[in-house]
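Undergrad: Coordinates in query.txt, compact mmCIF, C-alpha atoms and all ligand atoms, are listed below.
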# COMPACT_ATOMS: atom_id res chain seq x y z
CA MET D 17 -7.47 -41.03 -124.16
CA VAL D 18 -10.27 -41.75 -121.71
CA GLY D 19 -13.77 -40.93 -122.95
CA CYS D 20 -15.47 -41.25 -126.32
CA GLY D 21 -18.02 -38.46 -126.35
CA ALA D 22 -17.76 -35.43 -128.64
CA ILE D 23 -14.81 -34.03 -126.69
CA GLY D 24 -12.88 -37.31 -126.34
CA ILE D 25 -13.02 -38.26 -129.98
CA THR D 26 -12.27 -34.71 -131.20
CA THR D 27 -9.28 -34.53 -128.86
CA ALA D 28 -8.16 -37.97 -130.06
CA ILE D 29 -8.18 -36.78 -133.68
CA GLU D 30 -6.19 -33.67 -132.70
CA ALA D 31 -3.64 -35.91 -130.94
CA GLN D 32 -3.38 -38.12 -134.04
CA GLN D 33 -2.72 -35.05 -136.16
CA ALA D 34 0.03 -34.07 -133.74
CA GLY D 35 1.68 -37.44 -134.46
CA PHE D 36 0.48 -39.58 -131.54
CA GLU D 37 -0.83 -43.14 -131.80
CA VAL D 38 -4.09 -43.00 -129.92
CA THR D 39 -6.19 -45.57 -128.07
CA ILE D 40 -9.50 -44.48 -126.61
CA TYR D 41 -10.74 -46.22 -123.45
CA ALA D 42 -14.36 -45.53 -122.66
CA LYS D 43 -17.31 -46.91 -120.76
CA ALA D 44 -19.68 -45.86 -123.57
CA GLN D 45 -18.80 -44.64 -127.03
CA LEU D 46 -20.77 -42.59 -129.52
CA PRO D 47 -23.65 -43.03 -130.23
CA GLN D 48 -24.22 -44.25 -126.65
CA ALA D 49 -22.22 -41.48 -124.89
CA ASN D 50 -24.11 -38.48 -123.47
CA SER D 51 -22.99 -36.27 -126.36
CA ALA D 52 -25.30 -38.18 -128.71
CA PHE D 53 -28.34 -36.91 -126.78
CA ALA D 54 -27.53 -33.20 -126.97
CA THR D 55 -29.59 -30.74 -128.97
CA GLY D 56 -26.79 -30.18 -131.44
CA VAL D 57 -26.42 -26.47 -132.01
CA TRP D 58 -23.15 -24.54 -132.02
CA SER D 59 -23.59 -22.56 -128.81
CA PRO D 60 -20.05 -22.05 -127.51
CA ASP D 61 -20.84 -19.77 -124.56
CA SER D 62 -23.91 -21.65 -123.35
CA ARG D 63 -23.52 -22.21 -119.58
CA ILE D 64 -19.79 -22.72 -119.99
CA VAL D 65 -18.79 -20.79 -116.86
CA ALA D 66 -20.48 -18.57 -114.28
CA LYS D 67 -19.91 -14.84 -114.84
CA ALA D 68 -18.08 -14.52 -111.51
CA HIS D 69 -15.34 -16.91 -112.72
CA GLY D 70 -15.32 -15.91 -116.40
CA ASP D 71 -12.60 -13.29 -116.74
CA ALA D 72 -9.65 -15.66 -116.52
CA LEU D 73 -11.10 -17.95 -119.18
CA ALA D 74 -12.33 -15.31 -121.65
CA PRO D 75 -9.20 -14.90 -123.85
CA ARG D 76 -8.69 -18.67 -124.18
CA TRP D 77 -12.41 -19.20 -124.81
CA GLN D 78 -12.34 -16.62 -127.61
CA GLN D 79 -9.43 -18.39 -129.31
CA MET D 80 -11.06 -21.82 -128.93
CA ALA D 81 -14.43 -20.62 -130.21
CA ARG D 82 -12.87 -19.07 -133.33
CA ILE D 83 -10.93 -22.25 -134.11
CA SER D 84 -14.09 -24.29 -133.56
CA PHE D 85 -16.16 -22.06 -135.87
CA ALA D 86 -13.52 -22.25 -138.62
CA ARG D 87 -13.39 -26.07 -138.38
CA TYR D 88 -17.12 -26.39 -138.81
CA GLN D 89 -17.12 -24.09 -141.84
CA ALA D 90 -14.91 -26.69 -143.51
CA LEU D 91 -17.56 -29.37 -142.85
CA LEU D 92 -20.47 -27.48 -144.37
CA GLY D 93 -20.22 -28.88 -147.89
CA HIS D 94 -19.75 -32.49 -146.75
CA SER D 95 -22.08 -34.93 -148.50
CA ALA D 96 -23.22 -36.58 -145.23
CA LYS D 97 -24.24 -33.14 -143.90
CA PRO D 98 -22.75 -33.42 -140.40
CA VAL D 99 -23.17 -29.64 -140.00
CA GLU D 100 -25.68 -27.27 -141.61
CA TRP D 101 -26.75 -23.66 -141.26
CA LEU D 102 -30.28 -23.38 -139.92
CA PRO D 103 -32.54 -20.34 -139.53
CA VAL D 104 -34.05 -20.40 -136.03
CA TYR D 105 -37.00 -18.27 -134.85
CA ASN D 106 -36.83 -17.05 -131.25
CA LEU D 107 -40.30 -16.35 -129.85
CA SER D 108 -41.12 -14.42 -126.68
CA SER D 109 -43.97 -12.59 -125.00
CA LEU D 110 -41.38 -10.27 -123.38
CA PRO D 111 -38.77 -8.13 -125.15
CA PHE D 112 -35.65 -10.27 -125.50
CA ASP D 113 -33.55 -7.98 -123.29
CA LYS D 114 -36.09 -8.54 -120.47
CA ALA D 115 -36.38 -12.32 -120.95
CA ASN D 116 -33.93 -15.06 -120.02
CA ARG D 117 -34.16 -18.25 -122.01
CA HIS D 118 -32.15 -20.31 -119.49
CA ALA D 119 -33.37 -18.99 -116.15
CA LEU D 120 -33.59 -22.22 -114.15
CA PRO D 121 -33.93 -21.73 -110.38
CA GLY D 122 -30.46 -21.48 -108.80
CA GLU D 123 -28.59 -20.61 -111.99
CA PRO D 124 -25.84 -17.98 -111.86
CA ASP D 125 -25.44 -15.21 -114.43
CA TYR D 126 -23.39 -16.25 -117.42
CA PRO D 127 -21.14 -14.06 -119.60
CA HIS D 128 -22.55 -13.32 -123.08
CA TRP D 129 -19.27 -13.98 -124.78
CA GLU D 130 -20.58 -14.80 -128.22
CA ALA D 131 -22.07 -11.30 -128.56
CA GLN D 132 -19.10 -9.60 -126.89
CA LEU D 133 -16.10 -11.52 -128.23
CA LEU D 134 -17.24 -13.12 -131.49
CA ASN D 135 -19.23 -10.24 -132.86
CA GLY D 136 -19.74 -10.61 -136.61
CA LEU D 137 -18.77 -14.27 -136.81
CA ARG D 138 -22.34 -15.48 -137.29
CA PRO D 139 -24.80 -13.50 -139.42
CA ALA D 140 -26.50 -10.80 -137.31
CA ASP D 141 -29.84 -11.66 -135.65
CA GLN D 142 -32.86 -10.16 -137.37
CA PRO D 143 -35.70 -8.79 -135.23
CA LEU D 144 -39.04 -9.22 -137.03
CA ALA D 145 -41.80 -6.68 -136.48
CA PRO D 146 -45.13 -7.99 -135.08
CA GLY D 147 -47.10 -9.40 -137.99
CA ALA D 148 -44.02 -9.78 -140.20
CA SER D 149 -43.79 -13.50 -139.45
CA PRO D 150 -46.43 -16.24 -139.11
CA PHE D 151 -45.83 -16.45 -135.34
CA ARG D 152 -48.34 -14.89 -132.92
CA GLN D 153 -45.78 -13.86 -130.28
CA PRO D 154 -45.14 -10.11 -130.04
CA HIS D 155 -41.36 -10.57 -130.09
CA VAL D 156 -39.77 -12.63 -132.84
CA ARG D 157 -36.12 -12.73 -133.79
CA ARG D 158 -34.53 -14.81 -136.53
CA GLU D 159 -30.98 -16.06 -136.14
CA GLN D 160 -28.76 -18.35 -138.17
CA LEU D 161 -27.28 -21.23 -136.19
CA LEU D 162 -24.86 -23.99 -137.04
CA MET D 163 -26.69 -27.23 -136.36
CA PHE D 164 -25.11 -30.65 -135.98
CA ASN D 165 -26.80 -33.73 -137.38
CA LEU D 166 -25.38 -35.67 -134.46
CA SER D 167 -25.62 -39.20 -135.96
CA GLN D 168 -23.79 -38.11 -139.11
CA TYR D 169 -21.31 -36.01 -137.16
CA GLY D 170 -20.55 -38.89 -134.75
CA ASP D 171 -20.05 -41.33 -137.66
CA TRP D 172 -17.76 -38.83 -139.39
CA LEU D 173 -15.61 -38.40 -136.26
CA LEU D 174 -15.34 -42.15 -135.60
CA ALA D 175 -14.49 -42.91 -139.25
CA ARG D 176 -11.75 -40.28 -139.20
CA PHE D 177 -10.32 -41.59 -135.96
CA ARG D 178 -10.27 -45.19 -137.22
CA ALA D 179 -8.88 -44.23 -140.64
CA ALA D 180 -5.86 -42.72 -138.86
CA GLY D 181 -5.24 -46.02 -137.04
CA GLY D 182 -7.10 -45.17 -133.83
CA ARG D 183 -8.14 -48.00 -131.48
CA LEU D 184 -11.25 -48.02 -129.33
CA LEU D 185 -11.48 -50.21 -126.22
CA ALA D 186 -14.31 -50.65 -123.72
CA ALA D 187 -13.10 -49.84 -120.20
CA GLU D 188 -14.47 -48.27 -117.03
CA LEU D 189 -12.07 -46.44 -114.73
CA SER D 190 -13.07 -46.31 -111.09
CA CYS D 191 -10.36 -44.20 -109.43
CA GLU D 192 -7.47 -41.83 -110.16
CA GLN D 193 -4.90 -44.66 -110.04
CA ASP D 194 -6.64 -46.41 -112.95
CA PHE D 195 -5.25 -43.73 -115.31
CA ALA D 196 -1.70 -44.90 -114.54
CA ARG D 197 -2.74 -48.55 -114.93
CA LEU D 198 -3.56 -47.93 -118.61
CA GLY D 199 0.21 -48.01 -119.19
CA SER D 200 0.23 -45.09 -121.64
CA GLN D 201 2.89 -42.36 -121.65
CA LEU D 202 0.28 -39.65 -121.90
CA VAL D 203 -3.38 -39.85 -120.87
CA ILE D 204 -5.98 -37.19 -121.64
CA ASN D 205 -9.07 -37.22 -119.49
CA CYS D 206 -12.26 -36.53 -121.48
CA THR D 207 -14.79 -38.19 -119.22
CA GLY D 208 -17.18 -35.21 -119.22
CA PHE D 209 -19.70 -35.36 -116.40
CA GLY D 210 -18.18 -38.75 -115.48
CA ALA D 211 -15.15 -36.84 -114.12
CA LYS D 212 -17.23 -35.60 -111.22
CA ALA D 213 -17.52 -39.08 -109.70
CA LEU D 214 -14.22 -40.42 -111.04
CA LEU D 215 -12.02 -37.60 -109.74
CA GLY D 216 -14.29 -35.93 -107.18
CA ASP D 217 -14.45 -32.80 -109.34
CA ASP D 218 -16.65 -30.53 -107.23
CA ALA D 219 -16.19 -27.54 -109.55
CA LEU D 220 -18.25 -29.30 -112.23
CA LEU D 221 -21.93 -28.33 -111.96
CA PRO D 222 -24.33 -30.44 -114.01
CA VAL D 223 -27.31 -28.96 -115.85
CA ARG D 224 -29.85 -31.55 -116.88
CA GLY D 225 -32.00 -31.24 -119.97
CA GLN D 226 -34.06 -33.64 -122.02
CA THR D 227 -34.32 -34.28 -125.72
CA CYS D 228 -36.61 -36.45 -127.78
CA ARG D 229 -36.92 -36.95 -131.51
CA LEU D 230 -39.98 -36.94 -133.73
CA PRO D 231 -39.78 -38.61 -137.15
CA PRO D 232 -37.69 -36.56 -139.61
CA GLN D 233 -39.61 -33.95 -141.60
CA LEU D 234 -37.25 -33.00 -144.40
CA ALA D 235 -39.58 -30.24 -145.64
CA VAL D 236 -39.12 -28.32 -142.37
CA CYS D 237 -36.19 -25.97 -142.84
CA TYR D 238 -36.21 -23.83 -139.70
CA GLY D 239 -35.95 -24.24 -135.94
CA ILE D 240 -37.87 -22.65 -133.06
CA ARG D 241 -36.91 -21.47 -129.59
CA ASP D 242 -39.88 -20.58 -127.41
CA TRP D 243 -38.46 -18.38 -124.64
CA ASP D 244 -41.72 -18.51 -122.63
CA SER D 245 -41.85 -22.29 -122.19
CA GLY D 246 -38.16 -23.10 -122.74
CA VAL D 247 -39.06 -25.62 -125.46
CA SER D 248 -37.00 -25.65 -128.63
CA ALA D 249 -37.16 -27.74 -131.80
CA TYR D 250 -34.66 -28.34 -134.62
CA PRO D 251 -35.25 -30.32 -137.82
CA ARG D 252 -32.19 -32.57 -137.79
CA ARG D 253 -31.70 -35.30 -140.42
CA ASP D 254 -32.17 -37.96 -137.71
CA GLY D 255 -35.50 -36.50 -136.56
CA VAL D 256 -37.09 -33.30 -135.33
CA LEU D 257 -35.21 -32.75 -132.09
CA VAL D 258 -37.37 -31.36 -129.28
CA GLN D 259 -35.53 -30.06 -126.22
CA THR D 260 -37.00 -29.10 -122.88
CA GLN D 261 -35.96 -28.39 -119.29
CA ALA D 262 -37.65 -28.72 -115.91
CA GLN D 263 -37.47 -26.58 -112.76
CA GLY D 264 -35.02 -28.78 -110.84
CA ASP D 265 -32.54 -29.27 -113.70
CA PHE D 266 -29.82 -26.91 -112.53
CA GLY D 267 -27.41 -29.02 -110.44
CA ALA D 268 -29.38 -32.23 -111.09
CA GLN D 269 -27.00 -35.19 -110.89
CA HIS D 270 -29.29 -37.72 -112.55
CA ALA D 271 -30.03 -38.36 -116.20
CA THR D 272 -33.39 -40.04 -115.73
CA VAL D 273 -35.71 -39.73 -118.70
CA ASP D 274 -39.10 -38.24 -117.83
CA LEU D 275 -41.46 -39.22 -120.62
CA GLU D 276 -44.17 -36.84 -119.42
CA GLU D 277 -41.74 -33.92 -119.74
CA SER D 278 -41.20 -34.67 -123.43
CA ARG D 279 -44.95 -35.22 -123.98
CA GLN D 280 -45.59 -31.73 -122.60
CA ALA D 281 -42.84 -30.26 -124.76
CA VAL D 282 -44.28 -31.83 -127.92
CA THR D 283 -47.77 -30.61 -126.91
CA GLN D 284 -46.36 -27.09 -126.48
CA LEU D 285 -44.69 -27.32 -129.88
CA ALA D 286 -47.97 -28.45 -131.45
CA ALA D 287 -49.76 -25.47 -129.83
CA LEU D 288 -47.16 -23.07 -131.27
CA MET D 289 -47.62 -24.56 -134.73
CA ALA D 290 -51.41 -24.47 -134.45
CA GLY D 291 -51.21 -20.78 -133.48
CA MET D 292 -49.26 -19.79 -136.60
CA ARG D 293 -50.95 -17.62 -139.19
CA ALA D 294 -51.31 -19.15 -142.63
C1 LIG P 301 -30.31 -31.72 -123.06
C2 LIG P 301 -28.93 -31.25 -123.42
C3 LIG P 301 -28.76 -30.53 -124.60
C4 LIG P 301 -27.49 -30.07 -124.95
N1 LIG P 301 -27.36 -29.38 -126.12
C5 LIG P 301 -26.16 -28.91 -126.49
C6 LIG P 301 -26.01 -28.19 -127.71
O1 LIG P 301 -26.96 -27.96 -128.43
N2 LIG P 301 -24.78 -27.74 -128.04
C7 LIG P 301 -23.68 -27.98 -127.24
O2 LIG P 301 -22.57 -27.56 -127.59
N3 LIG P 301 -23.80 -28.68 -126.08
C8 LIG P 301 -25.00 -29.14 -125.70
N4 LIG P 301 -25.13 -29.84 -124.53
C9 LIG P 301 -23.92 -30.11 -123.75
C10 LIG P 301 -23.15 -31.27 -124.41
O3 LIG P 301 -24.00 -32.38 -124.56
C11 LIG P 301 -21.96 -31.63 -123.54
O4 LIG P 301 -21.21 -30.50 -123.21
C12 LIG P 301 -21.05 -32.61 -124.31
O5 LIG P 301 -21.79 -33.69 -124.83
C13 LIG P 301 -19.95 -33.11 -123.41
O6 LIG P 301 -19.19 -34.00 -124.18
P1 LIG P 301 -18.11 -34.89 -123.49
O7 LIG P 301 -17.42 -35.63 -124.58
O8 LIG P 301 -17.27 -34.02 -122.59
O9 LIG P 301 -18.93 -35.85 -122.50
P2 LIG P 301 -19.75 -37.21 -122.76
O10 LIG P 301 -20.49 -37.22 -124.04
O11 LIG P 301 -20.50 -37.45 -121.49
O12 LIG P 301 -18.61 -38.29 -122.90
C14 LIG P 301 -17.90 -38.76 -121.77
C15 LIG P 301 -17.17 -40.03 -122.16
O13 LIG P 301 -16.41 -40.47 -121.03
C16 LIG P 301 -16.78 -41.81 -120.72
N5 LIG P 301 -16.63 -42.00 -119.27
C17 LIG P 301 -17.19 -41.29 -118.28
N6 LIG P 301 -16.81 -41.77 -117.09
C18 LIG P 301 -15.98 -42.81 -117.35
C19 LIG P 301 -15.25 -43.73 -116.54
N7 LIG P 301 -15.32 -43.69 -115.22
N8 LIG P 301 -14.50 -44.69 -117.15
C20 LIG P 301 -14.44 -44.75 -118.51
N9 LIG P 301 -15.09 -43.92 -119.32
C21 LIG P 301 -15.85 -42.96 -118.74
C22 LIG P 301 -18.21 -41.95 -121.19
O14 LIG P 301 -18.56 -43.31 -121.35
C23 LIG P 301 -18.09 -41.18 -122.52
O15 LIG P 301 -17.50 -41.99 -123.51
C24 LIG P 301 -26.38 -30.33 -124.13
C25 LIG P 301 -26.54 -31.06 -122.95
C26 LIG P 301 -27.81 -31.50 -122.59
C27 LIG P 301 -27.98 -32.27 -121.31
Kindly present the structure from the file in structure tokens form.
TA:
Amino acid sequence: MVGCGAIGITTAIEAQQAGFEVTIYAKAQLPQANSAFATGVWSPDSRIVAKAHGDALAPRWQQMARISFARYQALLGHSAKPVEWLPVYNLSSLPFDKANRHALPGEPDYPHWEAQLLNGLRPADQPLAPGASPFRQPHVRREQLLMFNLSQYGDWLLARFRAAGGRLLAAELSCEQDFARLGSQLVINCTGFGAKALLGDDALLPVRGQTCRLPPQLAVCYGIRDWDSGVSAYPRRDGVLVQTQAQGDFGAQHATVDLEESRQAVTQLAALMAGMRA
């Protein structure tokens, strides 16, 4: 296995269950891999493929998403709380069917597979009439999301992998031939965005985003998605996760942290909170 982000380690555990002895080779492993910096909500159709190329993938995606959902149900009662249900309030000045939460310049249309192919899997979204919630926005919708406490989830994955005899080795591959040099009978490539440089994968289009964490506030038991500013916040166990995006993020190849971007996102979050009715 090459890669020790969320996909690499999950695939490694699947391979172990299929009877393989697995060694993971990776430049960075959780919690240093990119996966550790994600927002951490179960959002299986988010930017997964452009609408124009979606049809061929749809049946397989539906099967994968259902398996994934079922697996996470089994983790809900775990004492370390790697996964939890979370009510999330979507806020918008426009009606939701006229707004687009992603909408970065240059982005293609995406298929809305969760609504079309997984209907009924998650509890239905609840529109709230103006004045029926403490938020000032004219359009408010409550949904129930599966949220990952990424530190706990990463620890749980690594512990499971190691308990089944898995080995983890630091290694950086620099070309296609390096896969053969590992000397394994079977190699699975889970290098994520790293595959673009490693294998010249031009079909992979990066979308940058930025997260920061405020100190945990265990009394906060809901998340927020502000469709107007694109800022969202989720009360994870490892801190209140604040996510934001900037204009040039679609196709951005870099992962540079822009502190000012997060400052603005936290300021926007504070303004939303200050605007709430008692
Ligand atoms: C701001 C932001 C928020 C996000 N929020 C969510 C969310 O809420 N929900 C969601 O489902 N997704 C979210 N995503 C997307 C999600 O983070 C990625 O899809 C996911 O982390 C990809 O996992 P991965 O294991 O494929 O890649 P990575 O985590 O990048 O892991 C790749 C692994 O391969 C290794 N590697 C790479 N190149 C080499 C090499 N040459 N040699 C050796 N090893 C190599 C790396 O070191 C690492 O171990 C978000 C992304 C961003 C940017």
Undergrad: Name each residue within 7 Å of ligand LIG 301 (chain P), counting all atoms listed in the file, as a ChimeraX atom specification.
TA: /D:18-24,41-46,49-60,187-190,206-211,214,223-227,259
Undergrad: Just to be explicit: take each residue in the selection above, keep C-alpha atoms, and write the result as an mmCIF file, keeping the file's coordinate frame.
TA:
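The new file again_30.cif reads:
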data_model
loop_
_atom_site.group_PDB
_atom_site.id
_atom_site.type_symbol
_atom_site.label_atom_id
_atom_site.label_comp_id
_atom_site.auth_asym_id
_atom_site.auth_seq_id
_atom_site.Cartn_x
_atom_site.Cartn_y
_atom_site.Cartn_z
ATOM 1 C CA VAL D 18 -10.270 -41.750 -121.710
ATOM 2 C CA GLY D 19 -13.770 -40.930 -122.950
ATOM 3 C CA CYS D 20 -15.470 -41.250 -126.320
ATOM 4 C CA GLY D 21 -18.020 -38.460 -126.350
ATOM 5 C CA ALA D 22 -17.760 -35.430 -128.640
ATOM 6 C CA ILE D 23 -14.810 -34.030 -126.690
ATOM 7 C CA GLY D 24 -12.880 -37.310 -126.340
ATOM 8 C CA TYR D 41 -10.740 -46.220 -123.450
ATOM 9 C CA ALA D 42 -14.360 -45.530 -122.660
ATOM 10 C CA LYS D 43 -17.310 -46.910 -120.760
ATOM 11 C CA ALA D 44 -19.680 -45.860 -123.570
ATOM 12 C CA GLN D 45 -18.800 -44.640 -127.030
ATOM 13 C CA LEU D 46 -20.770 -42.590 -129.520
ATOM 14 C CA ALA D 49 -22.220 -41.480 -124.890
ATOM 15 C CA ASN D 50 -24.110 -38.480 -123.470
ATOM 16 C CA SER D 51 -22.990 -36.270 -126.360
ATOM 17 C CA ALA D 52 -25.300 -38.180 -128.710
ATOM 18 C CA PHE D 53 -28.340 -36.910 -126.780
ATOM 19 C CA ALA D 54 -27.530 -33.200 -126.970
ATOM 20 C CA THR D 55 -29.590 -30.740 -128.970
ATOM 21 C CA GLY D 56 -26.790 -30.180 -131.440
ATOM 22 C CA VAL D 57 -26.420 -26.470 -132.010
ATOM 23 C CA TRP D 58 -23.150 -24.540 -132.020
ATOM 24 C CA SER D 59 -23.590 -22.560 -128.810
ATOM 25 C CA PRO D 60 -20.050 -22.050 -127.510
ATOM 26 C CA ALA D 187 -13.100 -49.840 -120.200
ATOM 27 C CA GLU D 188 -14.470 -48.270 -117.030
ATOM 28 C CA LEU D 189 -12.070 -46.440 -114.730
ATOM 29 C CA SER D 190 -13.070 -46.310 -111.090
ATOM 30 C CA CYS D 206 -12.260 -36.530 -121.480
ATOM 31 C CA THR D 207 -14.790 -38.190 -119.220
ATOM 32 C CA GLY D 208 -17.180 -35.210 -119.220
ATOM 33 C CA PHE D 209 -19.700 -35.360 -116.400
ATOM 34 C CA GLY D 210 -18.180 -38.750 -115.480
ATOM 35 C CA ALA D 211 -15.150 -36.840 -114.120
ATOM 36 C CA LEU D 214 -14.220 -40.420 -111.040
ATOM 37 C CA VAL D 223 -27.310 -28.960 -115.850
ATOM 38 C CA ARG D 224 -29.850 -31.550 -116.880
ATOM 39 C CA GLY D 225 -32.000 -31.240 -119.970
ATOM 40 C CA GLN D 226 -34.060 -33.640 -122.020
ATOM 41 C CA THR D 227 -34.320 -34.280 -125.720
ATOM 42 C CA GLN D 259 -35.530 -30.060 -126.220
#
Undergrad: Can you work out which one of D:Ala286, D:Arg82, D:Leu166, D:Asp274 has the shortest atom-to-atom distance to D:Gly136, counting only C-alpha atoms?
TA: D:Arg82
Undergrad: Can you tell me how far atom CA of D:Ser248 sits from atom CA of D:Gln280, in Å to one decimal?
TA: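 These atoms are spaced 12.1 Å apart.
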Undergrad: Using all atoms listed in the file, which of the listed residues (D:Leu173, D:Ala180, D:Ile240, D:Leu215) sits closest to D:Leu161?
TA: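 Under the stated criterion, the closest residue is D:Ile240.
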Undergrad: How many Å lie between atom CA of D:Ile29 and atom CA of D:Ile64, rounded to one decimal?
TA: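 Atom-to-atom, atom CA of D:Ile29 and atom CA of D:Ile64 are spaced 22.8 Å apart.
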Undergrad: Got a sec: who's within 8 Å of D:Arg293, counting all atoms listed in the file, leaving out chain neighbours fewer than 5 positions off, as an MDAnalysis selection string?
TA: chainID D and resid 150:152
Undergrad: Do a neighbour search on D:His155 at 10 Å with only C-alpha atoms, toss out local chain neighbours closer than 2 positions, and write the hits as a compact mmCIF listing (two decimals) with C-alpha atoms, in the frame of the given file.
TA:
# COMPACT_ATOMS: atom_id res chain seq x y z
CA ASN D 106 -36.83 -17.05 -131.25
CA LEU D 107 -40.30 -16.35 -129.85
CA SER D 108 -41.12 -14.42 -126.68
CA SER D 109 -43.97 -12.59 -125.00
CA LEU D 110 -41.38 -10.27 -123.38
CA PRO D 111 -38.77 -8.13 -125.15
CA PHE D 112 -35.65 -10.27 -125.50
CA PRO D 143 -35.70 -8.79 -135.23
CA LEU D 144 -39.04 -9.22 -137.03
CA ALA D 145 -41.80 -6.68 -136.48
CA PRO D 146 -45.13 -7.99 -135.08
CA GLY D 147 -47.10 -9.40 -137.99
CA PHE D 151 -45.83 -16.45 -135.34
CA ARG D 152 -48.34 -14.89 -132.92
CA GLN D 153 -45.78 -13.86 -130.28
CA ARG D 157 -36.12 -12.73 -133.79
CA TRP D 243 -38.46 -18.38 -124.64
Undergrad: For the point (-20.7, -10.9, -117.9) in file coordinates, what residues are within 10 Å, counting all atoms listed in the file? Give the answer as a list in words?
TA: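 Checked against the point, the hits come out as Ala66, Lys67, Ala68, His69, Gly70, Asp71, Asp125, Tyr126, Pro127, His128, Trp129 and Gln132 of chain D.
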Undergrad: So how far away is atom CA of D:Phe85 from atom CA of D:Gln160, in Å?
TA: 13.3 Å
Undergrad: Using only C-alpha atoms, pick whichever of D:Val247, D:Ala31, D:Ala268, D:Leu133 has the shortest atom-to-atom distance to D:Ala287.
TA: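 Distance minimum relative to D:Ala287 lands on D:Val247.
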Undergrad: Leaving out D:Gln168 and any residue of its chain fewer than 2 positions from it, which residues lie within 9 Å of it when counting all atoms listed in the file, given as a ChimeraX atom specification?
TA: /D:96-99,164-166,170-173,253-254
Undergrad: Using all atoms listed in the file, which of D:Met163, D:Ala294, D:Leu230, D:Val38 sits nearest D:Val282?
TA: D:Leu230
